[in-house]
Amino acid sequence: MRVKPVVSMVGLAALAACQGGSDIEELKKGQKDILAKLDGLDKQVKAAAPAAARPQMPDPNKVYNIPVADSFVRGPKTAKVTIVEFSDFQ
């Protein structure tokens with residue numbers, strides 16, 4: 001992405017060196033302007049990068065302990081898996 005502007009600036013600088021000194025100063029000023037704009041774009045890209053970060057996913061290996069207290073239970077109390085259903089009858 002930065003290769004094209006740098007190559008273009010080097011080519012323009014070489015061309016200006018053949019023509020005279022006043023043009024070189026003008027090219028140096030243009031080069032400084034271009035580099036300042038590139039730095040501004042780099043800062044914008046770096047500032048936008050964290051916003052595009054992926055959200056944290058829950059750990060699939062985590063064990064969640066859900067107290068069932070005196071709820072109705074079907075099956076052995078020592079089962080490896082407990083399925084809890086919550087419903088509200090109105």
# chains A, B, ... in the order shown; residues from 1 in each chain; ligands from 1
call {"tool": "residues_around", "arguments": {"residues": "stretch 62-65 of chain A", "least_positions_apart": "6", "cutoff": "12 Å", "atoms": "only C-alpha atoms", "output": "number ranges by chain"}}
result
A: 80-84
call {"tool": "write_last_selection", "arguments": {"atoms": "C-alpha atoms", "output": "tab-separated table (two decimals), in the first residue's frame"}}
result
chain	number	residue	atom	x	y	z
A	80	LYS	CA	-23.73	-35.94	34.90
A	81	VAL	CA	-26.11	-33.57	33.10
A	82	THR	CA	-28.95	-31.52	34.54
A	83	ILE	CA	-31.47	-29.94	32.21
A	84	VAL	CA	-33.34	-27.02	33.73
call {"tool": "atom_distance", "arguments": {"atom1": "atom CA of A:Val45", "atom2": "atom CA of A:Asp33"}}
result
18.6 Å
call {"tool": "atom_distance", "arguments": {"atom1": "atom CA of A:Lys77", "atom2": "atom CA of A:Asp59"}}
result
25.5 Å
call {"tool": "atom_distance", "arguments": {"atom1": "atom CA of A:Phe89", "atom2": "atom CA of A:Pro76"}}
result
26.6 Å
call {"tool": "select_by_dssp", "arguments": {"residues": "stretch 34-63 of chain A", "states": "alpha helix (DSSP H)", "output": "ChimeraX atom specification"}}
result
/A:34-48
call {"tool": "decode", "arguments": {"residues": "stretch 35-50 of chain A", "atoms": "C-alpha atoms", "output": "PDB file, in the first residue's frame"}}
result
ATOM      1  CA  LEU A  35       4.016  11.766   4.386  1.00  0.00           C
ATOM      2  CA  ALA A  36       1.908  13.816   6.830  1.00  0.00           C
ATOM      3  CA  LYS A  37      -1.267  12.574   5.130  1.00  0.00           C
ATOM      4  CA  LEU A  38      -0.019   8.973   5.277  1.00  0.00           C
ATOM      5  CA  ASP A  39       0.688   9.326   9.003  1.00  0.00           C
ATOM      6  CA  GLY A  40      -2.843  10.641   9.513  1.00  0.00           C
ATOM      7  CA  LEU A  41      -4.270   7.666   7.626  1.00  0.00           C
ATOM      8  CA  ASP A  42      -2.154   5.250   9.684  1.00  0.00           C
ATOM      9  CA  LYS A  43      -3.534   6.759  12.886  1.00  0.00           C
ATOM     10  CA  GLN A  44      -7.101   6.429  11.598  1.00  0.00           C
ATOM     11  CA  VAL A  45      -6.571   2.777  10.675  1.00  0.00           C
ATOM     12  CA  LYS A  46      -5.002   1.973  14.040  1.00  0.00           C
ATOM     13  CA  ALA A  47      -7.843   3.734  15.871  1.00  0.00           C
ATOM     14  CA  ALA A  48     -10.452   1.762  13.906  1.00  0.00           C
ATOM     15  CA  ALA A  49      -8.750  -1.620  14.405  1.00  0.00           C
ATOM     16  CA  PRO A  50      -9.911  -2.255  18.017  1.00  0.00           C
TER      17      PRO A  50
END
